[in-house]
Amino acid sequence: NAGVMQNPRHLVRRRGQEARLRCSPMKGHSHVYWYRQLPEEGLKFMVYLQKENIIDESGMPKERFSAEFPKEGPSILRIQQVVRGDSAAYFCASSPPNAGGTEAFFGQGTRLTVV
Amino acid sequence: AQSVTQLGSHVSVSEGALVLLRCNYSSSVPPYLFWYVQYPNQGLQLLLKYTTGATLVKGINGFEAEFKKSETSFHLTKPSAHMSDAAEYFCAVSDILTGGGNKLTFGTGTQLKVEL
């Protein structure tokens with residue numbers, strides 16, 4: 001059973017460009033989460049999705065950031081018009097249905113650098 | 001709101017010595033607690049978790065943690081450090097979300113250094 005797969009592992013974007021980060025959850029997992037890790041900080045929750053639904057986006061910046069988890073294909077975190085402050089590691093996690101908050105498996109992250 | 005405090009952003013121990021990484025939490029409901037380890041440029045790997053039941057939890061790589069409700073603590077220990085334990089360790093508390101998912105609130109992490 002493959003783990004949570006994220007790609008790309010590293011992404012470099014110029015200021016003003018768009019960044020698209022992809023996450024394929026573990027097989028059988030229908031819950032996907034995105035977290036951001038800024039340098040020298042812990043991970044911060046951004047958004048929680050199920051297939052075709054955003055359940056909780058309380059940690060998402062109000063502008064430029066969006067996430068989706070379509071019926072088919074990976075979850076996408078999209079950052080429009082990137083700025084230097086968006087440079088961070090972005091981690092995706094997944095959990096199975098009915099886990100009741102007891103499980104979360106993380107991918108290896110996408111390290112975004114904005115130049 | 002949930003919160004986690006990890007005392008000591010850097011801890012250094014000698015190989016073979018006891019490892020103790022401290023974690024205190026704040027939660028309005030009985031918490032689910034986790035310890036994760038992160039190696040350089042890697043994702044987070046679950047070391048152990050407390051949900052219900054026995055308060056002393058054993059995890060992988062010889063680590064264990066004890067949930068102490070009266071002290072709101074969940075400190076991570078290992079009797080004898082190994083060089084391969086050098087990594088960053090994160091304590092987290094879980095908040096159950098609508099839809100059955102969970103939101104993890106992380107501490108700021110403790111970098112463990114193991115010296116010969």
# chains A, B, ... in the order shown; residues from 1 in each chain; ligands from 1
>>> residues_around(residues="range 39-52 of chain A", least_positions_apart="5", cutoff="8 Å", atoms="only C-alpha atoms", output="PDB file with C-alpha atoms, in the first residue's frame")
ATOM      1  CA  SER A  30     -11.227   9.673   1.652  1.00  0.00           C
ATOM      2  CA  HIS A  31     -10.089  12.530   3.897  1.00  0.00           C
ATOM      3  CA  VAL A  32      -7.305  14.850   2.794  1.00  0.00           C
ATOM      4  CA  TYR A  33      -5.631  17.648   4.729  1.00  0.00           C
ATOM      5  CA  TRP A  34      -3.108  20.299   3.785  1.00  0.00           C
ATOM      6  CA  GLU A  57     -10.821  25.771   5.377  1.00  0.00           C
ATOM      7  CA  SER A  58     -10.327  27.761   8.557  1.00  0.00           C
ATOM      8  CA  GLY A  59      -6.550  27.802   8.108  1.00  0.00           C
ATOM      9  CA  MET A  60      -6.466  28.948   4.510  1.00  0.00           C
ATOM     10  CA  ALA A  67      -7.832  23.662  -2.696  1.00  0.00           C
ATOM     11  CA  GLU A  68      -9.843  20.953  -4.343  1.00  0.00           C
ATOM     12  CA  PHE A  69     -10.257  17.204  -4.174  1.00  0.00           C
ATOM     13  CA  PRO A  70     -12.120  16.138  -7.309  1.00  0.00           C
ATOM     14  CA  LYS A  71     -14.040  12.942  -7.764  1.00  0.00           C
ATOM     15  CA  ALA A  88       7.445  26.937   2.783  1.00  0.00           C
TER      16      ALA A  88
ATOM     17  CA  PHE B  90       6.611  17.273  16.967  1.00  0.00           C
ATOM     18  CA  GLY B 101     -11.803  14.218  10.037  1.00  0.00           C
ATOM     19  CA  LYS B 103      -7.274  18.789  12.629  1.00  0.00           C
ATOM     20  CA  LEU B 104      -3.862  18.487  14.204  1.00  0.00           C
ATOM     21  CA  THR B 105      -2.439  21.382  16.181  1.00  0.00           C
ATOM     22  CA  PHE B 106       1.331  21.032  16.384  1.00  0.00           C
ATOM     23  CA  GLY B 107       3.919  22.304  18.757  1.00  0.00           C
ATOM     24  CA  THR B 108       6.869  24.203  17.349  1.00  0.00           C
ATOM     25  CA  GLY B 109       9.074  21.132  17.454  1.00  0.00           C
TER      26      GLY B 109
END
>>> residues_around(residues="Gly3 in chain A", least_positions_apart="5", cutoff="10 Å", atoms="only C-alpha atoms", output="PyMOL selection string")
chain A and resi 24-27+93-94+105-108
>>> closest_residue(among="B:Lys78, B:Lys49, B:His10, B:Lys113", to="chain A", atoms="only C-alpha atoms")
B:Lys49
>>> residues_around(residues="Cys23 in chain B", least_positions_apart="6", cutoff="9 Å", atoms="only C-alpha atoms", output="short mmCIF file (atom, residue, chain, number, x, y, z; two decimals) with N, CA, C and O atoms, in the first residue's frame")
data_model
loop_
_atom_site.label_atom_id
_atom_site.label_comp_id
_atom_site.auth_asym_id
_atom_site.auth_seq_id
_atom_site.Cartn_x
_atom_site.Cartn_y
_atom_site.Cartn_z
N VAL B 4 -0.48 23.42 21.88
CA VAL B 4 0.59 22.52 22.31
C VAL B 4 1.84 23.34 22.56
O VAL B 4 2.20 24.19 21.73
N THR B 5 2.49 23.06 23.67
CA THR B 5 3.76 23.72 23.99
C THR B 5 4.84 22.67 24.14
O THR B 5 4.71 21.73 24.92
N GLN B 6 5.89 22.83 23.38
CA GLN B 6 7.06 21.96 23.51
C GLN B 6 8.19 22.78 24.13
O GLN B 6 8.64 23.76 23.53
N LEU B 7 8.60 22.38 25.31
CA LEU B 7 9.66 23.10 26.01
C LEU B 7 11.00 22.66 25.47
O LEU B 7 11.31 21.47 25.46
N THR B 72 -1.53 17.84 32.32
CA THR B 72 -1.75 18.14 30.88
C THR B 72 -0.45 17.97 30.10
O THR B 72 -0.02 18.85 29.34
N SER B 73 0.17 16.80 30.31
CA SER B 73 1.45 16.55 29.64
C SER B 73 1.42 15.24 28.87
O SER B 73 0.62 14.34 29.16
N PHE B 74 2.33 15.15 27.93
CA PHE B 74 2.48 13.95 27.11
C PHE B 74 3.95 13.90 26.68
O PHE B 74 4.29 14.00 25.51
N HIS B 75 4.83 13.73 27.64
CA HIS B 75 6.27 13.75 27.38
C HIS B 75 6.73 12.48 26.68
O HIS B 75 6.27 11.37 27.01
N LEU B 76 7.67 12.63 25.80
CA LEU B 76 8.23 11.51 25.02
C LEU B 76 9.56 11.08 25.62
O LEU B 76 10.40 11.93 25.91
N PHE B 90 7.77 16.41 16.80
CA PHE B 90 6.61 17.27 16.97
C PHE B 90 5.54 16.57 17.79
O PHE B 90 5.17 15.43 17.49
N CYS B 91 5.03 17.29 18.76
CA CYS B 91 3.88 16.85 19.53
C CYS B 91 2.64 17.51 18.92
O CYS B 91 2.71 18.66 18.46
N ALA B 92 1.53 16.80 18.91
CA ALA B 92 0.32 17.36 18.32
C ALA B 92 -0.91 16.88 19.08
O ALA B 92 -0.92 15.78 19.65
N GLY B 107 2.96 21.46 18.08
CA GLY B 107 3.92 22.30 18.76
C GLY B 107 4.97 22.79 17.77
O GLY B 107 4.96 22.39 16.58
#
>>> select_by_dssp(residues="chain B", states="strand (DSSP E)", output="PyMOL selection string")
chain B and resi 3-5+10-14+19-21+24-26+32-38+44-50+56-58+64-68+73-78+87-96+102-106+110-115
>>> residues_around(residues="His82 in chain B", least_positions_apart="2", cutoff="12 Å", atoms="only C-alpha atoms", output="PyMOL selection string")
chain B and resi 12-19+61-63+78-80+84-87+112-116
>>> residues_around(residues="Asn102 in chain B", least_positions_apart="2", cutoff="9 Å", atoms="only C-alpha atoms", output="count of residues only")
17
>>> atom_distance(atom1="CA of Leu77 in chain A", atom2="CA of Leu44 in chain B")
18.8 Å
>>> residues_around(residues="Arg78 in chain A", least_positions_apart="4", cutoff="10 Å", atoms="only C-alpha atoms", output="count of residues only")
11
>>> closest_residue(among="B:Asn24, B:Ser9, B:Tyr89, B:Thr110", to="Gln45 in chain B", atoms="only C-alpha atoms")
B:Tyr89
>>> residues_around(residues="Val29 in chain B", least_positions_apart="3", cutoff="10 Å", atoms="only C-alpha atoms", output="tab-separated table (two decimals) with N, CA, C and O atoms, in the first residue's frame")
chain	number	residue	atom	x	y	z
B	1	ALA	N	-9.79	26.67	22.19
B	1	ALA	CA	-8.93	26.20	21.11
B	1	ALA	C	-7.81	25.34	21.68
B	1	ALA	O	-7.35	25.56	22.78
B	2	GLN	N	-7.41	24.37	20.89
B	2	GLN	CA	-6.33	23.48	21.30
B	2	GLN	C	-5.00	24.21	21.15
B	2	GLN	O	-4.82	25.05	20.27
B	26	SER	N	-3.15	21.99	25.77
B	26	SER	CA	-4.35	22.61	26.29
B	26	SER	C	-5.51	22.14	25.42
B	26	SER	O	-5.44	22.24	24.20
B	32	TYR	N	-6.84	13.65	21.90
B	32	TYR	CA	-6.04	12.64	21.24
B	32	TYR	C	-4.68	13.29	21.02
B	32	TYR	O	-4.60	14.40	20.52
B	95	ASP	N	-8.14	17.67	16.99
B	95	ASP	CA	-9.48	18.24	17.15
B	95	ASP	C	-10.36	17.57	16.11
B	95	ASP	O	-10.04	17.56	14.93
>>> closest_residue(among="B:Gln111, B:Pro30, B:Val57, B:Leu46", to="Ser70 in chain B", atoms="only C-alpha atoms")
B:Pro30
>>> atom_distance(atom1="CA of Val83 in chain A", atom2="CA of His10 in chain A")
16.4 Å
>>> select_by_dssp(residues="chain B", states="helix (DSSP H, G or I)", output="list in words")
Ile60, Asn61, Gly62, Lys69, Ser70, Glu71, Met83, Ser84 and Asp85 of chain B
>>> write_last_selection(atoms="N, CA and C atoms", output="PDB file, in the first residue's frame")
ATOM      1  N   ILE B  60       7.144   3.277  17.989  1.00  0.00           N
ATOM      2  CA  ILE B  60       8.214   2.654  17.226  1.00  0.00           C
ATOM      3  C   ILE B  60       9.575   3.128  17.703  1.00  0.00           C
ATOM      4  N   ASN B  61      10.608   2.384  17.327  1.00  0.00           N
ATOM      5  CA  ASN B  61      12.001   2.770  17.609  1.00  0.00           C
ATOM      6  C   ASN B  61      12.299   2.915  19.102  1.00  0.00           C
ATOM      7  N   GLY B  62      11.541   2.248  19.945  1.00  0.00           N
ATOM      8  CA  GLY B  62      11.825   2.246  21.379  1.00  0.00           C
ATOM      9  C   GLY B  62      11.300   3.442  22.146  1.00  0.00           C
ATOM     10  N   LYS B  69      -3.096  13.423  32.681  1.00  0.00           N
ATOM     11  CA  LYS B  69      -4.175  14.407  32.594  1.00  0.00           C
ATOM     12  C   LYS B  69      -4.002  15.524  33.623  1.00  0.00           C
ATOM     13  N   SER B  70      -3.577  15.156  34.820  1.00  0.00           N
ATOM     14  CA  SER B  70      -3.457  16.155  35.894  1.00  0.00           C
ATOM     15  C   SER B  70      -2.391  17.196  35.584  1.00  0.00           C
ATOM     16  N   GLU B  71      -1.421  16.804  34.778  1.00  0.00           N
ATOM     17  CA  GLU B  71      -0.333  17.716  34.428  1.00  0.00           C
ATOM     18  C   GLU B  71      -0.483  18.246  32.998  1.00  0.00           C
ATOM     19  N   MET B  83      22.287   7.250  17.601  1.00  0.00           N
ATOM     20  CA  MET B  83      22.611   8.315  16.637  1.00  0.00           C
ATOM     21  C   MET B  83      21.485   8.530  15.628  1.00  0.00           C
ATOM     22  N   SER B  84      20.824   7.449  15.264  1.00  0.00           N
ATOM     23  CA  SER B  84      19.762   7.543  14.265  1.00  0.00           C
ATOM     24  C   SER B  84      18.510   8.266  14.778  1.00  0.00           C
ATOM     25  N   ASP B  85      18.477   8.572  16.080  1.00  0.00           N
ATOM     26  CA  ASP B  85      17.325   9.295  16.633  1.00  0.00           C
ATOM     27  C   ASP B  85      17.405  10.794  16.374  1.00  0.00           C
TER      28      ASP B  85
END
>>> atom_distance(atom1="CA of Phe91 in chain A", atom2="CA of Phe34 in chain B")
16.8 Å
